[in-house]
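Q: So that you have it, the file is coords01.csv, and it contains CSV, C-alpha atoms:
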chain,number,residue,atom,x,y,z
C,961,MET,CA,-31.3,69.3,-54.3
C,962,ALA,CA,-33.4,72.4,-54.1
C,963,TRP,CA,-35.3,73.3,-50.9
C,964,PRO,CA,-38.7,71.6,-50.8
C,965,ARG,CA,-41.9,73.6,-51.3
C,966,LEU,CA,-43.3,72.9,-47.9
C,967,THR,CA,-41.3,72.4,-44.7
C,968,LEU,CA,-42.9,71.2,-41.4
C,969,VAL,CA,-40.9,72.4,-38.4
C,970,ILE,CA,-41.2,70.3,-35.3
C,971,GLY,CA,-39.3,69.8,-32.1
C,972,LYS,CA,-39.4,69.4,-28.3
C,973,GLY,CA,-40.9,72.3,-26.3
C,974,GLY,CA,-38.3,74.9,-25.5
C,975,ALA,CA,-36.0,73.9,-28.4
C,976,GLY,CA,-36.9,77.0,-30.4
C,977,LYS,CA,-39.3,75.5,-32.9
C,978,SER,CA,-41.5,78.6,-33.5
C,979,THR,CA,-38.4,80.9,-33.6
C,980,ILE,CA,-36.7,78.7,-36.1
C,981,SER,CA,-39.8,78.4,-38.3
C,982,ALA,CA,-40.1,82.2,-38.4
C,983,ALA,CA,-36.4,82.5,-39.3
C,984,LEU,CA,-36.6,79.9,-42.0
C,985,ALA,CA,-39.7,81.7,-43.5
C,986,ASP,CA,-37.8,85.0,-43.3
C,987,HIS,CA,-34.8,83.5,-45.2
C,988,LEU,CA,-36.9,81.8,-47.9
C,989,ALA,CA,-38.9,85.0,-48.4
C,990,GLN,CA,-35.8,86.8,-49.5
C,991,ARG,CA,-35.6,84.4,-52.5
C,992,ARG,CA,-39.3,83.6,-53.2
C,993,PRO,CA,-42.7,84.6,-51.9
C,994,THR,CA,-43.3,82.6,-48.7
C,995,THR,CA,-46.2,81.7,-46.5
C,996,HIS,CA,-45.6,80.9,-42.8
C,997,VAL,CA,-48.4,78.7,-41.4
C,998,GLY,CA,-49.0,78.5,-37.6
C,999,LEU,CA,-50.8,75.5,-36.3
C,1000,ASP,CA,-50.6,76.2,-32.5
C,1001,GLN,CA,-53.2,79.1,-32.6
C,1002,ARG,CA,-50.9,81.2,-30.3
C,1003,GLY,CA,-49.7,83.6,-33.0
C,1004,SER,CA,-46.0,82.9,-32.1
C,1005,ALA,CA,-44.6,84.1,-35.5
C,1006,ALA,CA,-46.8,87.2,-35.5
C,1007,ARG,CA,-45.3,88.3,-32.1
C,1008,LEU,CA,-41.8,87.6,-33.3
C,1009,PHE,CA,-42.4,89.8,-36.4
C,1010,GLY,CA,-44.3,92.4,-34.5
C,1011,VAL,CA,-47.6,92.1,-36.3
C,1012,ALA,CA,-51.1,91.2,-35.3
C,1013,PRO,CA,-51.8,87.5,-35.1
C,1014,PRO,CA,-53.7,86.2,-38.2
C,1015,GLN,CA,-57.3,85.1,-37.7
C,1016,ARG,CA,-59.4,84.2,-40.7
C,1017,SER,CA,-57.2,85.8,-43.3
C,1018,ALA,CA,-53.5,86.1,-44.0
C,1019,ILE,CA,-51.4,88.9,-42.5
C,1020,GLN,CA,-48.7,90.5,-44.6
C,1021,VAL,CA,-45.3,90.9,-42.8
C,1022,ARG,CA,-43.9,92.4,-46.0
C,1023,ARG,CA,-44.5,92.0,-49.7
C,1024,ASP,CA,-43.0,88.5,-50.0
C,1025,LEU,CA,-43.9,87.1,-46.6
C,1026,GLU,CA,-47.4,86.4,-45.2
C,1027,LEU,CA,-48.6,84.6,-42.0
C,1028,ILE,CA,-51.7,82.4,-41.8
C,1029,ALA,CA,-53.1,80.3,-39.0
C,1030,LEU,CA,-54.7,76.8,-39.6
C,1031,SER,CA,-56.4,74.4,-37.3
C,1032,PRO,CA,-57.9,70.9,-37.7
C,1033,ARG,CA,-61.3,72.1,-36.5
C,1034,ARG,CA,-61.3,75.0,-38.9
C,1035,GLU,CA,-60.4,72.7,-41.8
C,1036,LEU,CA,-63.4,70.5,-40.9
C,1037,GLU,CA,-65.6,73.6,-40.9
C,1038,ARG,CA,-64.3,74.6,-44.4
C,1039,PHE,CA,-64.9,71.1,-45.7
C,1040,ILE,CA,-68.5,71.0,-44.4
C,1041,GLN,CA,-69.2,74.5,-45.8
C,1042,ARG,CA,-67.9,73.4,-49.2
C,1043,ILE,CA,-70.2,70.4,-49.5
C,1044,VAL,CA,-73.1,72.2,-47.8
C,1045,PRO,CA,-72.9,75.7,-49.1
C,1046,VAL,CA,-76.0,77.0,-47.2
C,1047,ARG,CA,-74.3,78.5,-44.1
C,1048,MET,CA,-77.2,78.0,-41.8
C,1049,ILE,CA,-77.4,74.3,-42.6
C,1050,SER,CA,-73.7,73.7,-42.4
C,1051,ASP,CA,-73.5,75.5,-39.0
C,1052,ARG,CA,-76.3,73.3,-37.8
C,1053,MET,CA,-74.5,70.1,-39.0
C,1054,LEU,CA,-71.3,71.1,-37.2
C,1055,GLY,CA,-73.1,71.7,-34.0
C,1056,SER,CA,-75.3,68.6,-34.1
C,1057,ARG,CA,-74.8,65.7,-31.8
C,1058,THR,CA,-75.1,63.2,-34.7
C,1059,PHE,CA,-72.2,64.9,-36.5
C,1060,ALA,CA,-70.1,64.7,-33.3
C,1061,TYR,CA,-70.7,61.0,-33.3
C,1062,VAL,CA,-69.7,60.7,-36.9
C,1063,THR,CA,-66.4,62.5,-36.4
C,1064,ALA,CA,-65.7,60.5,-33.3
C,1065,ALA,CA,-66.3,57.3,-35.3
C,1066,LEU,CA,-63.7,58.5,-37.9
C,1067,PRO,CA,-60.5,59.1,-35.9
C,1068,GLY,CA,-58.1,61.4,-37.6
C,1069,LEU,CA,-60.7,63.0,-39.9
C,1070,GLU,CA,-59.8,66.6,-38.8
C,1071,ALA,CA,-56.1,65.9,-39.1
C,1072,PHE,CA,-56.7,64.3,-42.5
C,1073,LEU,CA,-58.4,67.4,-43.8
C,1074,LEU,CA,-55.6,69.6,-42.3
C,1075,LEU,CA,-53.0,67.5,-44.1
C,1076,SER,CA,-55.0,67.8,-47.3
C,1077,ARG,CA,-54.9,71.5,-46.9
C,1078,LEU,CA,-51.1,71.5,-46.5
C,1079,SER,CA,-50.7,69.3,-49.5
C,1080,ALA,CA,-52.8,71.7,-51.6
C,1081,MET,CA,-50.7,74.6,-50.4
C,1082,ALA,CA,-47.5,72.7,-51.4
C,1083,GLY,CA,-49.0,72.2,-54.8
C,1084,GLU,CA,-49.9,75.8,-55.2
C,1085,ALA,CA,-46.4,76.8,-54.0
C,1086,ALA,CA,-44.9,74.6,-56.8
C,1087,ARG,CA,-47.2,76.1,-59.4
C,1088,ASP,CA,-46.5,79.7,-58.3
C,1089,ASP,CA,-42.8,79.2,-57.4
C,1090,ARG,CA,-43.4,79.9,-53.7
C,1091,TYR,CA,-42.4,78.3,-50.3
C,1092,VAL,CA,-44.5,77.3,-47.3
C,1093,VAL,CA,-43.1,76.9,-43.8
C,1094,VAL,CA,-45.3,75.3,-41.2
C,1095,ASP,CA,-44.8,75.9,-37.4
C,1096,GLY,CA,-46.0,72.4,-36.4
C,1097,LEU,CA,-47.6,71.2,-33.2
C,1098,SER,CA,-45.8,69.2,-30.6
C,1099,THR,CA,-43.6,66.4,-31.9
C,1100,GLY,CA,-46.1,63.7,-31.0
C,1101,ALA,CA,-49.0,65.6,-32.6
C,1102,SER,CA,-47.0,66.3,-35.7
C,1103,LEU,CA,-46.2,62.6,-36.1
C,1104,GLU,CA,-49.9,61.8,-35.8
C,1105,LEU,CA,-50.6,64.3,-38.5
C,1106,LEU,CA,-48.1,62.9,-40.9
C,1107,SER,CA,-49.3,59.3,-40.2
C,1108,VAL,CA,-53.0,59.9,-40.6
C,1109,ALA,CA,-53.0,59.3,-44.3
C,1110,ARG,CA,-51.8,55.7,-43.8
C,1111,GLY,CA,-54.4,55.2,-41.1
C,1112,ILE,CA,-57.2,56.5,-43.3
C,1113,ARG,CA,-56.0,54.3,-46.2
C,1114,ASN,CA,-56.1,51.2,-44.0
C,1115,LEU,CA,-59.5,52.2,-42.8
C,1116,ALA,CA,-60.9,52.8,-46.2
C,1117,ALA,CA,-59.8,50.0,-48.5
C,1118,ALA,CA,-61.3,51.6,-51.6
C,1119,GLY,CA,-63.2,54.7,-52.8
C,1120,THR,CA,-62.6,58.4,-52.6
C,1121,LEU,CA,-61.0,58.4,-49.2
C,1122,ASN,CA,-58.6,55.7,-50.2
C,1123,ARG,CA,-57.5,57.6,-53.3
C,1124,LEU,CA,-57.1,60.9,-51.3
C,1125,ALA,CA,-55.0,59.0,-48.7
C,1126,ILE,CA,-52.7,57.6,-51.4
C,1127,ASP,CA,-52.3,61.0,-52.8
C,1128,LEU,CA,-51.3,62.4,-49.4
C,1129,GLU,CA,-48.8,59.6,-48.8
C,1130,GLY,CA,-47.3,60.6,-52.2
C,1131,PHE,CA,-47.0,64.2,-51.0
C,1132,ILE,CA,-45.4,63.3,-47.7
C,1133,SER,CA,-42.8,61.0,-49.3
C,1134,ASP,CA,-41.9,63.4,-52.1
C,1135,PRO,CA,-38.7,65.2,-51.1
C,1136,ASN,CA,-39.3,68.0,-53.5
C,1137,ARG,CA,-42.7,68.8,-52.1
C,1138,CYS,CA,-42.4,68.0,-48.4
C,1139,ALA,CA,-39.7,68.0,-45.7
C,1140,VAL,CA,-39.6,67.8,-41.9
C,1141,ALA,CA,-37.1,70.0,-40.0
C,1142,ILE,CA,-36.5,68.7,-36.5
C,1143,VAL,CA,-35.3,71.5,-34.1
C,1144,VAL,CA,-32.8,70.1,-31.6
C,1145,ALA,CA,-31.3,71.8,-28.6
C,1146,PRO,CA,-27.9,70.6,-27.2
C,1147,GLN,CA,-29.5,68.7,-24.3
C,1148,GLN,CA,-29.9,64.9,-24.0
C,1149,LEU,CA,-33.7,64.9,-23.8
C,1150,SER,CA,-34.1,67.1,-26.9
C,1151,LEU,CA,-31.7,64.8,-28.8
C,1152,LYS,CA,-33.5,61.7,-27.7
C,1153,GLU,CA,-36.8,63.0,-28.9
C,1154,ALA,CA,-35.3,64.2,-32.2
C,1155,LEU,CA,-33.8,60.8,-32.9
C,1156,GLU,CA,-37.0,58.9,-32.0
C,1157,ALA,CA,-39.0,61.4,-34.2
C,1158,ALA,CA,-36.7,60.9,-37.2
C,1159,SER,CA,-37.0,57.1,-36.8
C,1160,ALA,CA,-40.8,57.3,-36.6
C,1161,LEU,CA,-41.0,59.7,-39.6
C,1162,ARG,CA,-39.1,57.2,-41.7
C,1163,GLU,CA,-40.7,54.0,-40.6
C,1164,HIS,CA,-44.3,55.1,-40.0
C,1165,ALA,CA,-44.9,58.1,-42.2
C,1166,ASN,CA,-42.5,57.4,-45.0
C,1167,VAL,CA,-41.0,60.9,-44.9
C,1168,ASN,CA,-37.9,60.9,-47.2
C,1169,ARG,CA,-36.5,64.3,-46.5
C,1170,ILE,CA,-35.7,65.1,-42.9
C,1171,VAL,CA,-33.2,67.6,-41.6
C,1172,ALA,CA,-32.0,68.4,-38.1
C,1173,ILE,CA,-31.6,72.0,-37.1
C,1174,LEU,CA,-29.2,72.2,-34.1
C,1175,ASN,CA,-30.2,75.4,-32.3
C,1176,ALA,CA,-28.3,77.5,-29.7
C,1177,VAL,CA,-24.8,76.4,-30.7
C,1178,PRO,CA,-22.3,78.6,-28.7
C,1179,ALA,CA,-19.4,80.1,-30.4
C,1180,PRO,CA,-16.1,78.6,-29.2
C,1181,LEU,CA,-14.4,80.7,-26.6
C,1182,PHE,CA,-11.2,78.8,-25.8
C,1183,ASN,CA,-9.4,75.5,-26.2
C,1184,GLN,CA,-8.8,73.0,-23.5
C,1185,ALA,CA,-5.4,74.4,-22.5
C,1186,GLU,CA,-6.8,77.9,-22.3
C,1187,ALA,CA,-9.7,76.7,-20.2
C,1188,GLU,CA,-7.4,74.8,-17.7
C,1189,GLN,CA,-5.3,77.9,-17.4
C,1190,ALA,CA,-8.3,80.1,-16.8
C,1191,MET,CA,-9.7,77.7,-14.1
C,1192,ALA,CA,-6.3,77.5,-12.4
C,1193,ALA,CA,-5.9,81.3,-12.4
C,1194,ASP,CA,-9.3,82.2,-10.9
C,1195,MET,CA,-11.2,79.6,-8.9
C,1196,ALA,CA,-14.3,81.8,-8.8
C,1197,HIS,CA,-14.6,81.6,-12.6
C,1198,GLY,CA,-13.7,77.9,-12.7
C,1199,ALA,CA,-17.4,76.8,-12.5
C,1200,LEU,CA,-18.4,79.1,-15.4
C,1201,VAL,CA,-15.5,77.8,-17.5
C,1202,ARG,CA,-16.4,74.2,-16.7
C,1203,ARG,CA,-20.1,74.8,-17.6
C,1204,ARG,CA,-19.0,76.2,-21.0
C,1205,LEU,CA,-16.8,73.2,-21.6
C,1206,ASP,CA,-19.7,70.9,-20.7
C,1207,LEU,CA,-21.9,72.7,-23.2
C,1208,ASP,CA,-19.3,72.5,-25.9
C,1209,ALA,CA,-19.0,68.7,-25.2
C,1210,ALA,CA,-22.8,68.4,-25.4
C,1211,VAL,CA,-22.9,70.1,-28.8
C,1212,GLN,CA,-20.2,67.7,-30.1
C,1213,ARG,CA,-22.1,64.7,-28.8
C,1214,VAL,CA,-25.3,65.9,-30.5
C,1215,ARG,CA,-23.4,66.4,-33.8
C,1216,ARG,CA,-22.1,62.9,-33.7
C,1217,GLU,CA,-25.4,61.2,-32.9
C,1218,LEU,CA,-27.3,63.2,-35.5
C,1219,ALA,CA,-24.7,62.3,-38.1
C,1220,ALA,CA,-24.8,58.6,-37.0
C,1221,ALA,CA,-28.6,58.7,-37.6
C,1222,GLY,CA,-28.0,59.9,-41.2
C,1223,LEU,CA,-29.5,63.3,-40.6
C,1224,PRO,CA,-28.2,66.4,-42.4
C,1225,VAL,CA,-27.5,69.1,-39.8
C,1226,ILE,CA,-28.0,72.9,-40.0
C,1227,GLU,CA,-26.5,74.8,-37.1
C,1228,LEU,CA,-27.7,78.1,-35.6
C,1229,PRO,CA,-26.0,80.3,-33.1
C,1230,MET,CA,-26.9,80.8,-29.5
C,1231,LEU,CA,-28.6,84.2,-29.0
C,1232,PHE,CA,-27.5,85.9,-25.8
C,1233,THR,CA,-30.7,88.0,-25.5
C,1234,PRO,CA,-33.5,88.1,-23.0
C,1235,ALA,CA,-36.2,88.2,-25.7
C,1236,VAL,CA,-36.5,87.3,-29.4
C,1237,GLY,CA,-37.8,89.8,-31.9
C,1238,VAL,CA,-37.3,91.0,-35.5
C,1239,ALA,CA,-33.5,91.6,-35.0
C,1240,GLU,CA,-32.9,88.1,-33.7
C,1241,ILE,CA,-35.0,86.5,-36.5
C,1242,THR,CA,-32.9,88.5,-39.0
C,1243,ARG,CA,-29.7,87.2,-37.4
C,1244,LEU,CA,-30.9,83.6,-37.5
C,1245,SER,CA,-32.2,84.1,-41.1
C,1246,ARG,CA,-28.7,85.2,-42.1
C,1247,ALA,CA,-27.1,82.1,-40.5
C,1248,LEU,CA,-29.6,79.9,-42.4
C,1249,GLY,CA,-28.6,81.6,-45.6
C,1250,LYS,CA,-25.2,80.0,-45.5
C,1251,GLN,CA,-26.6,76.5,-45.1
C,1252,VAL,CA,-29.9,76.3,-46.9
C,1253,GLU,CA,-29.6,75.4,-50.6
C,1254,LEU,CA,-32.2,77.1,-52.7
Translate the structure described by the file into structure tokens.
A:
Amino acid sequence: MAWPRLTLVIGKGGAGKSTISAALADHLAQRRPTTHVGLDQRGSAARLFGVAPPQRSAIQVRRDLELIALSPRRELERFIQRIVPVRMISDRMLGSRTFAYVTAALPGLEAFLLLSRLSAMAGEAARDDRYVVVDGLSTGASLELLSVARGIRNLAAAGTLNRLAIDLEGFISDPNRCAVAIVVAPQQLSLKEALEAASALREHANVNRIVAILNAVPAPLFNQAEAEQAMAADMAHGALVRRRLDLDAAVQRVRRELAAAGLPVIELPMLFTPAVGVAEITRLSRALGKQVEL
């Protein structure tokens, strides 16, 4: 099956979510024009690519790769400005106390509008033969975003909102239009969060295409016999050898548990570098190229 038009990248803090989303966008852009969408407002991808963070408009990294930033609040502003085209009036509405009460009474409205924007971008990507990669929020916030359509549908049993919510649920469940990539580091807490997220995505958001990206996989240095020989020969290096063996064992455990959960796994190498920039993104992009089917 070909890679979906929109991929939402999520993961535990420190697992490498923003770096992996940038590398995936870089790889896809070598095949089709690609848009990288940042939701965290920190401009993480822009820093990795060495360009200015996007504000209200897209930033071109190169001809086939652009960066944009979205936020729930900004999507609410766009929605109000569409239905109330007079800027002075729409600004007054957004700043009014009454409107604040209305948005508070409709939990998930801003997230619903953001999800609608992402769905529209996926539709445009299918039409124009493009890809969209989204650097998601925290795992919990991303799960809430993907579950908001079901919540709105239950809240509005009929009418326009109900129809929009049904359309969004169709987008989320369509493996050709939407996928979630969960970035996992070879540590137990990261694995636990990834497995819980995958279960919630299937059960509560009806996401049908989920992939795990196992990040920071070290290249094998030696087998067990070689390790024991090295530890016996030099006690000072024994602790370092043991630490590497423990890391290898952790990677093996993560592989087994992800496979047991029915998750396809893409593996990326550990980067022994104090900082991540264009060169490192390029290296990860190449590693993805051997495993991402386009």
Q: What is the atom CA of Glu1227 of chain C to atom CA of Ala1139 of chain C distance in Å?
A: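 About the pair atom CA of Glu1227 of chain C and atom CA of Ala1139 of chain C: they are 17.2 Å apart.
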Q: Find the residue from C:Val1011, C:Leu1025, C:Leu1069, C:Leu1097 that sits nearest to Gly998 of chain C; use all atoms listed in the file when measuring.
A: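 Checking each candidate against Gly998 of chain C, we get C:Leu1097 as the closest.
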Q: Set the distance at 9 Å and use only C-alpha atoms: which residues neighbour His996 of chain C once local chain neighbours fewer than 2 positions away are removed? I'd like the list as JSON, numbers by chain.
A: {"C": [981, 982, 985, 986, 994, 998, 1005, 1025, 1026, 1027, 1028, 1029, 1091, 1092, 1093, 1094, 1095]}
Q: Output C-alpha atoms of each residue in that selection to a file, as a short mmCIF file (atom, residue, chain, number, x, y, z; two decimals), in the coordinates of the input.
A:
data_model
loop_
_atom_site.label_atom_id
_atom_site.label_comp_id
_atom_site.auth_asym_id
_atom_site.auth_seq_id
_atom_site.Cartn_x
_atom_site.Cartn_y
_atom_site.Cartn_z
CA SER C 981 -39.80 78.40 -38.30
CA ALA C 982 -40.10 82.20 -38.40
CA ALA C 985 -39.70 81.70 -43.50
CA ASP C 986 -37.80 85.00 -43.30
CA THR C 994 -43.30 82.60 -48.70
CA GLY C 998 -49.00 78.50 -37.60
CA ALA C 1005 -44.60 84.10 -35.50
CA LEU C 1025 -43.90 87.10 -46.60
CA GLU C 1026 -47.40 86.40 -45.20
CA LEU C 1027 -48.60 84.60 -42.00
CA ILE C 1028 -51.70 82.40 -41.80
CA ALA C 1029 -53.10 80.30 -39.00
CA TYR C 1091 -42.40 78.30 -50.30
CA VAL C 1092 -44.50 77.30 -47.30
CA VAL C 1093 -43.10 76.90 -43.80
CA VAL C 1094 -45.30 75.30 -41.20
CA ASP C 1095 -44.80 75.90 -37.40
#
Q: Excluding Val1211 of chain C and residues on its chain fewer than 4 positions from it, collect all residues at most 10 Å away from it, counting all atoms listed in the file, and give them as a PDB file with C-alpha atoms, in the frame of the given file.
A:
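The resulting around-v1.pdb:
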ATOM      1  CA  ALA C1145     -31.300  71.800 -28.600  1.00  0.00           C
ATOM      2  CA  PRO C1146     -27.900  70.600 -27.200  1.00  0.00           C
ATOM      3  CA  GLN C1147     -29.500  68.700 -24.300  1.00  0.00           C
ATOM      4  CA  GLN C1148     -29.900  64.900 -24.000  1.00  0.00           C
ATOM      5  CA  LEU C1174     -29.200  72.200 -34.100  1.00  0.00           C
ATOM      6  CA  ASN C1175     -30.200  75.400 -32.300  1.00  0.00           C
ATOM      7  CA  ALA C1176     -28.300  77.500 -29.700  1.00  0.00           C
ATOM      8  CA  VAL C1177     -24.800  76.400 -30.700  1.00  0.00           C
ATOM      9  CA  PRO C1178     -22.300  78.600 -28.700  1.00  0.00           C
ATOM     10  CA  LEU C1205     -16.800  73.200 -21.600  1.00  0.00           C
ATOM     11  CA  ASP C1206     -19.700  70.900 -20.700  1.00  0.00           C
ATOM     12  CA  LEU C1207     -21.900  72.700 -23.200  1.00  0.00           C
ATOM     13  CA  ARG C1215     -23.400  66.400 -33.800  1.00  0.00           C
ATOM     14  CA  ARG C1216     -22.100  62.900 -33.700  1.00  0.00           C
TER      15      ARG C1216
END
Q: Considering all atoms listed in the file, state which residue in the set C:Leu1124, C:Leu1106, C:Leu1151, C:Ala1239 is at the smallest distance from Leu968 of chain C.
A: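 Smallest separation from Leu968 of chain C among the options: C:Leu1106.
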Q: Measure the distance from atom CA of Arg1023 of chain C to atom CA of Ala1080 of chain C in Å and round it to one decimal.
A: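 Distance reported for this atom pair: 22.0 Å.
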Q: Hey, which of C:Ala1154, C:Val1167, C:Leu1115, C:Val1225 ends up closest to Pro1135 of chain C? Count only C-alpha atoms.
A: C:Val1167
Q: For Ile1226 of chain C, which residue out of C:Ala1209, C:Arg1203, C:Gln1251, C:Gly1010 is the nearest one, using only C-alpha atoms?
A: C:Gln1251
Q: Between C:Ile1170, C:Ile970, C:Leu1075, C:Ala1101, which residue has the minimum interatomic distance to Ala1125 of chain C, considering all atoms listed in the file?
A: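 Once distances to Ala1125 of chain C are computed over all atoms listed in the file, the minimum belongs to C:Leu1075.
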Q: Name the residues, using the chain letters and numbers of the file, that sit within 12 Å of (-50.9, 78.2, -30.4) when counting all atoms listed in the file, and give them as a PDB file with C-alpha atoms, in the coordinates of the input.
A:
ATOM      1  CA  SER C 978     -41.500  78.600 -33.500  1.00  0.00           C
ATOM      2  CA  VAL C 997     -48.400  78.700 -41.400  1.00  0.00           C
ATOM      3  CA  GLY C 998     -49.000  78.500 -37.600  1.00  0.00           C
ATOM      4  CA  LEU C 999     -50.800  75.500 -36.300  1.00  0.00           C
ATOM      5  CA  ASP C1000     -50.600  76.200 -32.500  1.00  0.00           C
ATOM      6  CA  GLN C1001     -53.200  79.100 -32.600  1.00  0.00           C
ATOM      7  CA  ARG C1002     -50.900  81.200 -30.300  1.00  0.00           C
ATOM      8  CA  GLY C1003     -49.700  83.600 -33.000  1.00  0.00           C
ATOM      9  CA  SER C1004     -46.000  82.900 -32.100  1.00  0.00           C
ATOM     10  CA  ALA C1005     -44.600  84.100 -35.500  1.00  0.00           C
ATOM     11  CA  ALA C1006     -46.800  87.200 -35.500  1.00  0.00           C
ATOM     12  CA  ARG C1007     -45.300  88.300 -32.100  1.00  0.00           C
ATOM     13  CA  PRO C1013     -51.800  87.500 -35.100  1.00  0.00           C
ATOM     14  CA  PRO C1014     -53.700  86.200 -38.200  1.00  0.00           C
ATOM     15  CA  GLN C1015     -57.300  85.100 -37.700  1.00  0.00           C
ATOM     16  CA  ALA C1029     -53.100  80.300 -39.000  1.00  0.00           C
ATOM     17  CA  LEU C1030     -54.700  76.800 -39.600  1.00  0.00           C
ATOM     18  CA  SER C1031     -56.400  74.400 -37.300  1.00  0.00           C
ATOM     19  CA  ASP C1095     -44.800  75.900 -37.400  1.00  0.00           C
ATOM     20  CA  GLY C1096     -46.000  72.400 -36.400  1.00  0.00           C
ATOM     21  CA  LEU C1097     -47.600  71.200 -33.200  1.00  0.00           C
ATOM     22  CA  SER C1098     -45.800  69.200 -30.600  1.00  0.00           C
TER      23      SER C1098
END
Q: Report, in Å with one decimal, the straight-line distance from atom CA of Ala989 of chain C to atom CA of Cys1138 of chain C.
A: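 These two atoms are separated by 17.4 Å.
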Q: Once N, CA and C atoms are restored for segment 999-1019 of chain C, what would the output be as a CSV table (one decimal), keeping the file's coordinate frame?
A:
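Printed below is part-v5.csv as written:
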chain,number,residue,atom,x,y,z
C,999,LEU,N,-49.8,76.5,-36.6
C,999,LEU,CA,-50.8,75.5,-36.3
C,999,LEU,C,-51.2,75.5,-34.8
C,1000,ASP,N,-50.4,76.3,-34.0
C,1000,ASP,CA,-50.6,76.2,-32.5
C,1000,ASP,C,-51.7,77.2,-32.0
C,1001,GLN,N,-52.2,78.1,-32.9
C,1001,GLN,CA,-53.2,79.1,-32.6
C,1001,GLN,C,-52.7,80.2,-31.5
C,1002,ARG,N,-51.4,80.2,-31.3
C,1002,ARG,CA,-50.9,81.2,-30.3
C,1002,ARG,C,-50.3,82.4,-31.0
C,1003,GLY,N,-50.2,82.4,-32.3
C,1003,GLY,CA,-49.7,83.6,-33.0
C,1003,GLY,C,-48.2,83.9,-32.7
C,1004,SER,N,-47.4,82.8,-32.5
C,1004,SER,CA,-46.0,82.9,-32.1
C,1004,SER,C,-45.2,83.7,-33.1
C,1005,ALA,N,-45.4,83.4,-34.4
C,1005,ALA,CA,-44.6,84.1,-35.5
C,1005,ALA,C,-45.0,85.5,-35.6
C,1006,ALA,N,-46.3,85.8,-35.4
C,1006,ALA,CA,-46.8,87.2,-35.5
C,1006,ALA,C,-46.1,88.1,-34.4
C,1007,ARG,N,-46.0,87.5,-33.2
C,1007,ARG,CA,-45.3,88.3,-32.1
C,1007,ARG,C,-43.9,88.5,-32.4
C,1008,LEU,N,-43.2,87.5,-33.0
C,1008,LEU,CA,-41.8,87.6,-33.3
C,1008,LEU,C,-41.6,88.7,-34.4
C,1009,PHE,N,-42.5,88.8,-35.4
C,1009,PHE,CA,-42.4,89.8,-36.4
C,1009,PHE,C,-43.0,91.1,-36.1
C,1010,GLY,N,-43.7,91.2,-34.9
C,1010,GLY,CA,-44.3,92.4,-34.5
C,1010,GLY,C,-45.5,92.8,-35.2
C,1011,VAL,N,-46.3,91.8,-35.6
C,1011,VAL,CA,-47.6,92.1,-36.3
C,1011,VAL,C,-48.7,91.5,-35.6
C,1012,ALA,N,-50.0,91.8,-35.9
C,1012,ALA,CA,-51.1,91.2,-35.3
C,1012,ALA,C,-51.3,89.8,-35.7
C,1013,PRO,N,-51.6,88.9,-34.8
C,1013,PRO,CA,-51.8,87.5,-35.1
C,1013,PRO,C,-52.9,87.3,-36.2
C,1014,PRO,N,-52.7,86.4,-37.2
C,1014,PRO,CA,-53.7,86.2,-38.2
C,1014,PRO,C,-54.9,85.5,-37.6
C,1015,GLN,N,-56.1,85.8,-38.1
C,1015,GLN,CA,-57.3,85.1,-37.7
C,1015,GLN,C,-57.9,84.3,-38.8
C,1016,ARG,N,-58.8,84.9,-39.5
C,1016,ARG,CA,-59.4,84.2,-40.7
C,1016,ARG,C,-58.7,84.4,-42.0
C,1017,SER,N,-57.9,85.4,-42.0
C,1017,SER,CA,-57.2,85.8,-43.3
C,1017,SER,C,-55.7,86.0,-43.1
C,1018,ALA,N,-55.0,86.0,-44.1
C,1018,ALA,CA,-53.5,86.1,-44.0
C,1018,ALA,C,-53.1,87.5,-43.6
C,1019,ILE,N,-52.0,87.6,-42.9
C,1019,ILE,CA,-51.4,88.9,-42.5
C,1019,ILE,C,-50.1,89.1,-43.3
